Each structure stands twice: as structure tokens, then as C-alpha cells.
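Shown below: protein_23.pdb, with PDB, C-alpha atoms.
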ATOM      1  CA  ASP A  62       0.000   0.000   0.000
ATOM      2  CA  ASP A  63       2.922   2.405   0.726
ATOM      3  CA  GLY A  64       4.704   1.657  -2.545
ATOM      4  CA  LEU A  65       7.835   0.263  -0.840
ATOM      5  CA  CYS A  66       7.119  -3.447  -1.165
ATOM      6  CA  LEU A  67       9.236  -5.526  -3.527
ATOM      7  CA  TYR A  68       8.949  -9.111  -4.753
ATOM      8  CA  PRO A  69       5.889 -10.151  -2.737
ATOM      9  CA  PHE A  70       5.547 -13.795  -1.773
ATOM     10  CA  PHE A  71       2.106 -15.012  -0.700
ATOM     11  CA  PHE A  72       0.921 -18.138   0.999
ATOM     12  CA  GLY A  73      -2.210 -19.051   2.893
ATOM     13  CA  TYR A  74      -4.794 -21.649   3.778
ATOM     14  CA  THR A  75      -7.118 -22.888   1.076
ATOM     15  CA  ASN A  76     -10.708 -21.689   1.194
ATOM     16  CA  MET A  77     -12.074 -25.223   1.385
ATOM     17  CA  ALA A  78      -9.801 -26.237   4.263
ATOM     18  CA  VAL A  79     -10.796 -23.227   6.330
ATOM     19  CA  LYS A  80     -14.449 -23.705   5.443
ATOM     20  CA  MET A  81     -14.316 -27.309   6.598
ATOM     21  CA  ALA A  82     -12.554 -26.255   9.796
ATOM     22  CA  LEU A  83     -15.248 -23.718  10.614
ATOM     23  CA  GLY A  84     -18.049 -26.079   9.671
ATOM     24  CA  GLU A  85     -20.288 -23.328   8.301
ATOM     25  CA  ASP A  86     -21.125 -21.520   5.090
ATOM     26  CA  LYS A  87     -19.140 -18.427   6.015
ATOM     27  CA  PHE A  88     -15.411 -18.933   5.828
ATOM     28  CA  VAL A  89     -12.168 -16.977   5.880
ATOM     29  CA  PHE A  90      -9.306 -16.682   3.448
ATOM     30  CA  HIS A  91      -6.255 -15.313   5.288
ATOM     31  CA  THR A  92      -3.125 -14.361   3.356
ATOM     32  CA  TRP A  93       0.218 -13.031   4.477
ATOM     33  CA  GLY A  94       2.578 -10.936   2.345
ATOM     34  CA  VAL A  95       6.298 -10.982   2.974
ATOM     35  CA  TYR A  96       7.886  -8.018   1.274
ATOM     36  CA  GLY A  97      11.446  -7.084   0.290
ATOM     37  CA  THR A  98      11.421  -4.322   2.886
ATOM     38  CA  GLY A  99      11.180  -6.952   5.620
ATOM     39  CA  ARG A 100       7.648  -5.915   6.516
ATOM     40  CA  VAL A 101       4.910  -8.483   6.963
ATOM     41  CA  LYS A 102       1.328  -7.505   6.216
ATOM     42  CA  SER A 103      -1.831  -9.586   6.470
ATOM     43  CA  ARG A 104      -5.214  -9.374   4.834
ATOM     44  CA  VAL A 105      -8.412 -11.184   5.799
ATOM     45  CA  VAL A 106     -11.193 -11.606   3.268
ATOM     46  CA  TYR A 107     -14.552 -13.005   4.352
ATOM     47  CA  TRP A 108     -16.577 -15.025   1.843
ATOM     48  CA  TRP A 109     -19.823 -16.950   2.011
ATOM     49  CA  ASP A 110     -21.905 -18.911  -0.436
ATOM     50  CA  MET A 111     -23.808 -16.641  -2.779
ATOM     51  CA  ASN A 112     -27.575 -16.438  -2.567
ATOM     52  CA  PRO A 113     -29.562 -17.600  -5.619
ATOM     53  CA  ILE A 114     -30.265 -14.895  -8.198
ATOM     54  CA  THR A 115     -33.986 -15.355  -7.559
ATOM     55  CA  SER A 116     -33.519 -14.216  -3.956
ATOM     56  CA  TYR A 117     -32.273 -10.835  -5.201
ATOM     57  CA  LEU A 118     -35.204 -10.595  -7.612
ATOM     58  CA  GLU A 119     -37.645 -11.413  -4.814
ATOM     59  CA  LEU A 120     -36.030  -8.769  -2.602
ATOM     60  CA  ALA A 121     -36.439  -6.198  -5.377
ATOM     61  CA  ILE A 122     -40.146  -7.026  -5.548
ATOM     62  CA  LYS A 123     -40.478  -6.757  -1.767
ATOM     63  CA  LYS A 124     -38.612  -3.431  -1.633
ATOM     64  CA  ASN A 125     -40.412  -2.080  -4.704
ATOM     65  CA  ALA A 126     -37.050  -1.468  -6.367
ATOM     66  CA  SER A 127     -36.850  -0.500 -10.016
ATOM     67  CA  ASP A 128     -33.498  -2.161 -10.761
ATOM     68  CA  ILE A 129     -31.004  -4.731  -9.504
ATOM     69  CA  HIS A 130     -27.270  -4.447 -10.174
ATOM     70  CA  LEU A 131     -25.026  -7.485  -9.637
ATOM     71  CA  VAL A 132     -21.380  -7.365 -10.740
ATOM     72  CA  GLY A 133     -18.631  -9.822  -9.879
ATOM     73  CA  GLY A 134     -16.269  -8.361  -7.298
ATOM     74  CA  GLU A 135     -18.714  -5.634  -6.250
ATOM     75  CA  ILE A 136     -21.405  -5.279  -3.606
ATOM     76  CA  PRO A 137     -24.934  -6.073  -4.918
ATOM     77  CA  MET A 138     -27.249  -3.090  -5.129
ATOM     78  CA  LEU A 139     -30.901  -2.184  -5.638
ATOM     79  CA  ARG A 140     -32.157   1.058  -7.130
ATOM     80  CA  ILE A 141     -34.981   2.332  -4.950
ATOM     81  CA  GLN A 142     -36.669   5.628  -5.853
ATOM     82  CA  GLY A 143     -33.670   6.518  -8.000
ATOM     83  CA  GLU A 144     -31.059   5.858  -5.301
ATOM     84  CA  LEU A 145     -28.586   2.947  -5.286
ATOM     85  CA  VAL A 146     -28.772   0.965  -2.038
ATOM     86  CA  GLU A 147     -26.267  -1.691  -0.954
ATOM     87  CA  ILE A 148     -28.020  -4.876   0.136
ATOM     88  CA  GLU A 149     -25.023  -6.870   1.387
ATOM     89  CA  ASN A 150     -21.758  -6.059   3.134
ATOM     90  CA  ALA A 151     -19.363  -8.008   0.926
ATOM     91  CA  PRO A 152     -18.684  -8.168  -2.827
ATOM     92  CA  LEU A 153     -19.977 -11.025  -4.923
ATOM     93  CA  ALA A 154     -17.521 -13.757  -5.891
ATOM     94  CA  VAL A 155     -17.029 -13.644  -9.666
ATOM     95  CA  GLU A 156     -17.206 -17.406 -10.248
ATOM     96  CA  ALA A 157     -20.242 -17.834  -7.991
ATOM     97  CA  LEU A 158     -22.101 -15.027  -9.757
ATOM     98  CA  GLU A 159     -21.306 -16.426 -13.193
ATOM     99  CA  LYS A 160     -22.571 -19.861 -12.141
ATOM    100  CA  GLU A 161     -25.818 -18.374 -10.806
ATOM    101  CA  ILE A 162     -26.403 -16.255 -13.910
ATOM    102  CA  PHE A 163     -25.786 -19.182 -16.258
ATOM    103  CA  SER A 164     -28.330 -21.223 -14.278
ATOM    104  CA  LEU A 165     -31.014 -18.792 -15.517
ATOM    105  CA  LEU A 166     -30.083 -19.129 -19.190
ATOM    106  CA  THR A 167     -31.004 -21.724 -21.765
ATOM    107  CA  PRO A 168     -28.140 -23.374 -23.708
ATOM    108  CA  GLU A 169     -28.960 -21.162 -26.706
ATOM    109  CA  GLN A 170     -28.932 -17.992 -24.596
ATOM    110  CA  LYS A 171     -25.635 -18.984 -22.986
ATOM    111  CA  LYS A 172     -24.108 -19.539 -26.426
ATOM    112  CA  ARG A 173     -25.306 -16.118 -27.598
ATOM    113  CA  PHE A 174     -23.806 -14.483 -24.524
ATOM    114  CA  GLU A 175     -20.458 -16.214 -24.970
ATOM    115  CA  THR A 176     -20.406 -14.957 -28.575
ATOM    116  CA  ASP A 177     -21.633 -11.373 -28.089
ATOM    117  CA  TRP A 178     -20.677 -10.833 -24.384
ATOM    118  CA  GLU A 179     -24.099  -9.273 -23.869
ATOM    119  CA  LEU A 180     -27.618 -10.656 -23.680
ATOM    120  CA  ASP A 181     -31.137  -9.367 -22.992
ATOM    121  CA  VAL A 182     -33.728 -11.822 -21.665
ATOM    122  CA  GLY A 183     -37.080 -11.774 -19.918
ATOM    123  CA  TYR A 184     -37.482 -13.668 -16.666
ATOM    124  CA  GLY A 185     -40.479 -14.312 -14.408
ATOM    125  CA  VAL A 186     -40.609 -14.679 -10.640
ATOM    126  CA  GLY A 187     -44.116 -15.589  -9.569
ATOM    127  CA  GLU A 188     -46.416 -13.022 -11.157
ATOM    128  CA  ALA A 189     -43.607 -10.494 -11.585
ATOM    129  CA  ARG A 190     -41.435 -10.143 -14.664
ATOM    130  CA  PHE A 191     -37.961  -8.735 -15.123
ATOM    131  CA  ARG A 192     -36.027  -7.513 -18.122
ATOM    132  CA  ILE A 193     -32.508  -8.840 -17.547
ATOM    133  CA  ASN A 194     -29.300  -7.702 -19.210
ATOM    134  CA  VAL A 195     -26.228  -9.921 -18.819
ATOM    135  CA  HIS A 196     -22.918  -8.335 -19.746
ATOM    136  CA  ARG A 197     -19.177  -8.236 -19.206
ATOM    137  CA  GLN A 198     -17.814  -5.298 -17.220
ATOM    138  CA  GLU A 199     -14.027  -4.929 -17.050
ATOM    139  CA  GLY A 200     -13.720  -8.654 -17.706
ATOM    140  CA  ARG A 201     -16.202  -9.588 -14.968
ATOM    141  CA  ILE A 202     -19.715 -10.836 -15.504
ATOM    142  CA  GLY A 203     -22.569  -8.573 -14.493
ATOM    143  CA  LEU A 204     -26.356  -8.604 -14.411
ATOM    144  CA  SER A 205     -28.806  -5.714 -14.446
ATOM    145  CA  ALA A 206     -32.494  -6.434 -14.009
ATOM    146  CA  ARG A 207     -35.444  -4.059 -14.275
ATOM    147  CA  LEU A 208     -38.751  -4.891 -12.625
ATOM    148  CA  ILE A 209     -41.615  -4.666 -15.098
ATOM    149  CA  PRO A 210     -44.843  -3.308 -13.572
ATOM    150  CA  LYS A 211     -47.640  -5.873 -13.162
ATOM    151  CA  GLN A 212     -50.221  -3.427 -14.473
ATOM    152  CA  ILE A 213     -49.661  -1.480 -17.665
ATOM    153  CA  PRO A 214     -49.796   2.222 -16.728
ATOM    154  CA  ASN A 215     -52.461   4.301 -18.455
ATOM    155  CA  PRO A 216     -51.663   7.577 -20.301
ATOM    156  CA  ASP A 217     -52.630   9.695 -17.286
ATOM    157  CA  GLU A 218     -50.209   7.819 -15.039
ATOM    158  CA  LEU A 219     -47.455   8.264 -17.622
ATOM    159  CA  ARG A 220     -48.397  11.942 -18.099
ATOM    160  CA  PHE A 221     -48.766  11.665 -21.853
ATOM    161  CA  GLU A 222     -48.705  14.887 -23.824
ATOM    162  CA  PRO A 223     -51.942  15.504 -25.814
ATOM    163  CA  MET A 224     -50.170  14.488 -29.034
ATOM    164  CA  LEU A 225     -49.202  11.107 -27.572
ATOM    165  CA  GLU A 226     -52.764  10.448 -26.465
ATOM    166  CA  GLU A 227     -53.870  10.713 -30.110
ATOM    167  CA  LEU A 228     -51.358   8.207 -31.482
ATOM    168  CA  PRO A 229     -53.424   5.081 -30.589
ATOM    169  CA  ASN A 230     -56.192   6.441 -32.861
ATOM    170  CA  LEU A 231     -54.006   6.150 -35.971
ATOM    171  CA  LEU A 232     -55.073   3.441 -38.417
ATOM    172  CA  ASP A 233     -51.852   3.307 -40.445
ATOM    173  CA  GLY A 234     -48.377   4.749 -40.575
ATOM    174  CA  LEU A 235     -45.128   4.296 -38.687
ATOM    175  CA  VAL A 236     -44.561   5.548 -35.132
ATOM    176  CA  LEU A 237     -41.055   5.528 -33.668
ATOM    177  CA  VAL A 238     -40.607   5.655 -29.902
ATOM    178  CA  VAL A 239     -36.973   6.448 -29.135
ATOM    179  CA  GLY A 240     -34.883   7.445 -26.159
ATOM    180  CA  PRO A 241     -32.065   6.342 -23.806
ATOM    181  CA  THR A 242     -32.156   3.092 -21.865
ATOM    182  CA  GLY A 243     -34.527   3.140 -18.915
ATOM    183  CA  HIS A 244     -36.573   6.140 -20.041
ATOM    184  CA  GLY A 245     -39.823   4.267 -20.591
ATOM    185  CA  LYS A 246     -39.939   3.348 -24.268
ATOM    186  CA  SER A 247     -41.353  -0.139 -23.683
ATOM    187  CA  THR A 248     -43.822   1.127 -21.097
ATOM    188  CA  THR A 249     -45.008   3.875 -23.430
ATOM    189  CA  ILE A 250     -45.568   1.414 -26.277
ATOM    190  CA  ALA A 251     -47.349  -1.044 -23.972
ATOM    191  CA  SER A 252     -49.662   1.705 -22.754
ATOM    192  CA  MET A 253     -50.564   2.749 -26.312
ATOM    193  CA  ILE A 254     -51.177  -0.871 -27.349
ATOM    194  CA  GLU A 255     -53.427  -1.314 -24.323
ATOM    195  CA  GLN A 256     -55.379   1.776 -25.408
ATOM    196  CA  ILE A 257     -55.866   0.303 -28.882
ATOM    197  CA  ASN A 258     -56.892  -3.033 -27.394
ATOM    198  CA  GLY A 259     -59.522  -1.395 -25.223
ATOM    199  CA  SER A 260     -60.946   1.076 -27.732
ATOM    200  CA  ARG A 261     -61.487  -0.878 -30.942
ATOM    201  CA  LYS A 262     -61.543  -4.340 -32.459
ATOM    202  CA  ALA A 263     -58.182  -5.057 -34.011
ATOM    203  CA  HIS A 264     -55.684  -7.849 -34.433
ATOM    204  CA  ILE A 265     -52.527  -6.746 -32.593
ATOM    205  CA  MET A 266     -49.204  -8.428 -33.277
ATOM    206  CA  THR A 267     -46.029  -7.519 -31.391
ATOM    207  CA  ILE A 268     -42.458  -8.611 -32.023
ATOM    208  CA  GLU A 269     -40.358  -8.368 -28.869
ATOM    209  CA  ASP A 270     -37.031  -9.660 -27.678
ATOM    210  CA  PRO A 271     -37.227 -10.114 -24.796
ATOM    211  CA  ILE A 272     -40.957 -10.207 -24.084
ATOM    212  CA  GLU A 273     -41.740  -7.794 -21.263
ATOM    213  CA  PHE A 274     -45.397  -6.936 -20.652
ATOM    214  CA  ILE A 275     -47.801  -9.878 -20.903
TER     215      ILE A 275
END
Just give me the structure as C-alpha cells.
Amino acid sequence: DDGLCLYPFFFGYTNMAVKMALGEDKFVFHTWGVYGTGRVKSRVVYWWDMNPITSYLELAIKKNASDIHLVGGEIPMLRIQGELVEIENAPLAVEALEKEIFSLLTPEQKKRFETDWELDVGYGVGEARFRINVHRQEGRIGLSARLIPKQIPNPDELRFEPMLEELPNLLDGLVLVVGPTGHGKSTTIASMIEQINGSRKAHIMTIEDPIEFI
């Protein structure tokens, strides 16, 4: 840490040996560093088995969070009312997180991720649905999940401008809904489709990947 150490040599107990000695899920990895300056420093890192991904999704539902952020080597967080909130005291183990994320994916989805290093999927927990993005961040796997509202908001709840309220009345043409990630494009489209569905007889076909509102 002070920039004076040279030729570090590390040794320590294996995680599994210490875990077996403690006889519990939480275990310690203790390393010592012997430096060229003659100083000896120690570092203790506490690890425990990672919770299933679904437990984080369920917590987001319970806390009414809008987003979940899980990145290997970092503390898991929820976004609640626009603020990021830490939900654990220790960072997630990279290998454990990758194993949990891959358990959610089909073989085809896993193959796509390993090719593109990014993947968007829809995932359901009970009656709730999430839009999940799996990605690589600085070489570490990460997952961001957005909770999709159970009920499709109506135009008043979304504070549509008068012009937007007229769009569902169009019988032909092309309407583009654009904007940055997380600014409500999918919700806006779902609300307009719901207006069409409730105001006139029409065959509605949507093409989505992933499927969000059902």
C-alpha cells in the first residue's frame, strides 16, 4: 500500500480447508505478504456462499425497487426511488455469480452471450417479470435487471402529452418511440397498445425480444 514493497511472496490456507474447519457456510481466506522491505502484512477476506439470483429478484419485488445491479467483485445493489442501495456487506464472488447467472439461461442464450458478451432476456418470478441484461464489465460478468410493472400504466399515469394520447387512434403509418435506456420506451408502447386493445376491435401483433409486458 505504501509503494515500498518488492517481490511479494504469498501463501495461505485454502478456502475449502478453512471452510471445513469452521463447519459453516461463512469462511475466511487469510493471506500473508512478505515483502522485500522486511515488513509483513496480512489481509483477511470473508466469503460466504452466494444467494440464488432469484432471492435478489424477490427482494427487489419486496422493496419495490426499479433495478437490480449485480457485478462480480462488487457489492450487490438495488435502485430504490432513483437511489442505489447496498443490500449486502461483501462483494460477490465472480465465479459464484457467473454460475448463478448461467443457471437462468437456456443453452442457446448462454451460447449467444459467450459470442456477443451481452444478452437481454425476460425472466419471471411468480407473477412479476424482469427484463434482464447480462454483460461483461471490465472482464467480470454482471447482471442488471429491471422490474416490469404488473399493471400497464395508463396515459394519465405516464403523463402523456396531448399528441401522444392521439397516437393510438391512428389506423396506419409508422410511429417511432426512441430514447435512452430506462426512459420508458417499452412502457409507453405497452400503454398505447393497451389503449388500442380497449378502444377498438383489431388484431394486434407484437415482435419483442425479450418479451416484457404480458
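Distance annotation: of A:Glu175, A:Glu255, A:Glu188, A:Glu135, the residue with the minimal separation from Phe163 (chain A) is A:Glu175; atom set is only C-alpha atoms.
The residue that comes closest to Ile272 (chain A), out of A:Ile129, A:Val182, A:Leu139, A:Ile257 and on the basis of only C-alpha atoms, is A:Val182.
When all atoms listed in the file are used to compute distances to Glu273 (chain A), the closest of the residues A:Leu180, A:Ile209, A:Val186, A:Val236 turns out to be A:Ile209.
We find CA of Pro216 (chain A) and CA of Leu118 (chain A) to be spaced 27.6 Å apart.
Among the candidates A:Glu149, A:Glu159, A:Glu179, A:Glu226, the residue lying nearest to Leu120 (chain A) is A:Glu149 (atoms considered: all atoms listed in the file).
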Give me, please, the distance in Å between CA of Gly133 (chain A) and CA of Pro168 (chain A), quoted to one decimal. 21.6 Å
Can you complete the atoms of region 173-184 of chain A to all heavy atoms and list them as an mmCIF file, keeping the file's coordinate frame?
data_model
loop_
_atom_site.group_PDB
_atom_site.id
_atom_site.type_symbol
_atom_site.label_atom_id
_atom_site.label_comp_id
_atom_site.auth_asym_id
_atom_site.auth_seq_id
_atom_site.Cartn_x
_atom_site.Cartn_y
_atom_site.Cartn_z
ATOM 1 N N ARG A 173 -25.250 -17.487 -27.080
ATOM 2 C CA ARG A 173 -25.306 -16.118 -27.598
ATOM 3 C C ARG A 173 -24.484 -15.170 -26.741
ATOM 4 O O ARG A 173 -23.782 -14.293 -27.247
ATOM 5 C CB ARG A 173 -26.766 -15.640 -27.664
ATOM 6 C CG ARG A 173 -27.565 -16.242 -28.811
ATOM 7 C CD ARG A 173 -29.046 -15.963 -28.648
ATOM 8 N NE ARG A 173 -29.322 -14.553 -28.425
ATOM 9 C CZ ARG A 173 -30.488 -14.091 -27.989
ATOM 10 N NH1 ARG A 173 -31.462 -14.938 -27.696
ATOM 11 N NH2 ARG A 173 -30.663 -12.806 -27.825
ATOM 12 N N PHE A 174 -24.567 -15.352 -25.418
ATOM 13 C CA PHE A 174 -23.806 -14.483 -24.524
ATOM 14 C C PHE A 174 -22.304 -14.686 -24.700
ATOM 15 O O PHE A 174 -21.538 -13.718 -24.719
ATOM 16 C CB PHE A 174 -24.196 -14.748 -23.063
ATOM 17 C CG PHE A 174 -23.342 -14.010 -22.077
ATOM 18 C CD1 PHE A 174 -23.454 -12.635 -21.932
ATOM 19 C CD2 PHE A 174 -22.412 -14.688 -21.302
ATOM 20 C CE1 PHE A 174 -22.656 -11.945 -21.033
ATOM 21 C CE2 PHE A 174 -21.613 -14.015 -20.394
ATOM 22 C CZ PHE A 174 -21.734 -12.633 -20.266
ATOM 23 N N GLU A 175 -21.881 -15.929 -24.820
ATOM 24 C CA GLU A 175 -20.458 -16.214 -24.970
ATOM 25 C C GLU A 175 -19.917 -15.718 -26.306
ATOM 26 O O GLU A 175 -18.712 -15.523 -26.455
ATOM 27 C CB GLU A 175 -20.219 -17.715 -24.816
ATOM 28 C CG GLU A 175 -20.459 -18.214 -23.388
ATOM 29 C CD GLU A 175 -20.355 -19.724 -23.264
ATOM 30 O OE1 GLU A 175 -20.496 -20.401 -24.310
ATOM 31 O OE2 GLU A 175 -20.142 -20.221 -22.143
ATOM 32 N N THR A 176 -20.821 -15.497 -27.275
ATOM 33 C CA THR A 176 -20.406 -14.957 -28.575
ATOM 34 C C THR A 176 -20.394 -13.430 -28.568
ATOM 35 O O THR A 176 -19.446 -12.800 -29.027
ATOM 36 C CB THR A 176 -21.347 -15.459 -29.685
ATOM 37 O OG1 THR A 176 -21.300 -16.883 -29.738
ATOM 38 C CG2 THR A 176 -20.941 -14.888 -31.041
ATOM 39 N N ASP A 177 -21.467 -12.831 -28.034
ATOM 40 C CA ASP A 177 -21.633 -11.373 -28.089
ATOM 41 C C ASP A 177 -21.200 -10.656 -26.812
ATOM 42 O O ASP A 177 -21.099 -9.431 -26.803
ATOM 43 C CB ASP A 177 -23.105 -11.034 -28.370
ATOM 44 C CG ASP A 177 -23.610 -11.636 -29.663
ATOM 45 O OD1 ASP A 177 -22.787 -11.845 -30.576
ATOM 46 O OD2 ASP A 177 -24.821 -11.887 -29.764
ATOM 47 N N TRP A 178 -21.008 -11.404 -25.707
ATOM 48 C CA TRP A 178 -20.677 -10.833 -24.384
ATOM 49 C C TRP A 178 -21.757 -9.908 -23.859
ATOM 50 O O TRP A 178 -21.512 -9.074 -22.995
ATOM 51 C CB TRP A 178 -19.328 -10.103 -24.425
ATOM 52 C CG TRP A 178 -18.177 -10.990 -24.736
ATOM 53 C CD1 TRP A 178 -17.308 -10.863 -25.774
ATOM 54 C CD2 TRP A 178 -17.754 -12.162 -24.026
ATOM 55 N NE1 TRP A 178 -16.379 -11.872 -25.761
ATOM 56 C CE2 TRP A 178 -16.633 -12.678 -24.690
ATOM 57 C CE3 TRP A 178 -18.228 -12.822 -22.887
ATOM 58 C CZ2 TRP A 178 -15.970 -13.829 -24.259
ATOM 59 C CZ3 TRP A 178 -17.561 -13.967 -22.458
ATOM 60 C CH2 TRP A 178 -16.458 -14.452 -23.142
ATOM 61 N N GLU A 179 -22.959 -10.035 -24.375
ATOM 62 C CA GLU A 179 -24.099 -9.273 -23.869
ATOM 63 C C GLU A 179 -25.379 -9.987 -24.286
ATOM 64 O O GLU A 179 -25.444 -10.578 -25.363
ATOM 65 C CB GLU A 179 -24.106 -7.835 -24.397
ATOM 66 C CG GLU A 179 -25.195 -6.978 -23.779
ATOM 67 C CD GLU A 179 -25.059 -5.514 -24.135
ATOM 68 O OE1 GLU A 179 -24.347 -5.196 -25.100
ATOM 69 O OE2 GLU A 179 -25.674 -4.694 -23.442
ATOM 70 N N LEU A 180 -26.383 -9.932 -23.408
ATOM 71 C CA LEU A 180 -27.618 -10.656 -23.680
ATOM 72 C C LEU A 180 -28.770 -10.006 -22.938
ATOM 73 O O LEU A 180 -28.630 -9.608 -21.779
ATOM 74 C CB LEU A 180 -27.473 -12.113 -23.220
ATOM 75 C CG LEU A 180 -28.690 -13.024 -23.385
ATOM 76 C CD1 LEU A 180 -28.926 -13.332 -24.864
ATOM 77 C CD2 LEU A 180 -28.501 -14.326 -22.601
ATOM 78 N N ASP A 181 -29.907 -9.867 -23.614
ATOM 79 C CA ASP A 181 -31.137 -9.367 -22.992
ATOM 80 C C ASP A 181 -32.155 -10.497 -22.977
ATOM 81 O O ASP A 181 -32.427 -11.110 -24.020
ATOM 82 C CB ASP A 181 -31.703 -8.173 -23.766
ATOM 83 C CG ASP A 181 -30.825 -6.944 -23.626
ATOM 84 O OD1 ASP A 181 -30.476 -6.603 -22.481
ATOM 85 O OD2 ASP A 181 -30.488 -6.328 -24.650
ATOM 86 N N VAL A 182 -32.731 -10.764 -21.802
ATOM 87 C CA VAL A 182 -33.728 -11.822 -21.665
ATOM 88 C C VAL A 182 -34.837 -11.353 -20.731
ATOM 89 O O VAL A 182 -34.658 -10.430 -19.938
ATOM 90 C CB VAL A 182 -33.118 -13.134 -21.103
ATOM 91 C CG1 VAL A 182 -32.076 -13.695 -22.045
ATOM 92 C CG2 VAL A 182 -32.507 -12.896 -19.729
ATOM 93 N N GLY A 183 -35.993 -12.001 -20.858
ATOM 94 C CA GLY A 183 -37.080 -11.774 -19.918
ATOM 95 C C GLY A 183 -37.124 -12.927 -18.931
ATOM 96 O O GLY A 183 -36.830 -14.080 -19.295
ATOM 97 N N TYR A 184 -37.471 -12.620 -17.691
ATOM 98 C CA TYR A 184 -37.482 -13.668 -16.666
ATOM 99 C C TYR A 184 -38.615 -13.394 -15.689
ATOM 100 O O TYR A 184 -38.839 -12.243 -15.285
ATOM 101 C CB TYR A 184 -36.153 -13.702 -15.917
ATOM 102 C CG TYR A 184 -35.974 -14.908 -15.025
ATOM 103 C CD1 TYR A 184 -35.594 -16.131 -15.559
ATOM 104 C CD2 TYR A 184 -36.205 -14.828 -13.653
ATOM 105 C CE1 TYR A 184 -35.427 -17.254 -14.748
ATOM 106 C CE2 TYR A 184 -36.041 -15.941 -12.836
ATOM 107 C CZ TYR A 184 -35.658 -17.149 -13.391
ATOM 108 O OH TYR A 184 -35.508 -18.250 -12.595
#
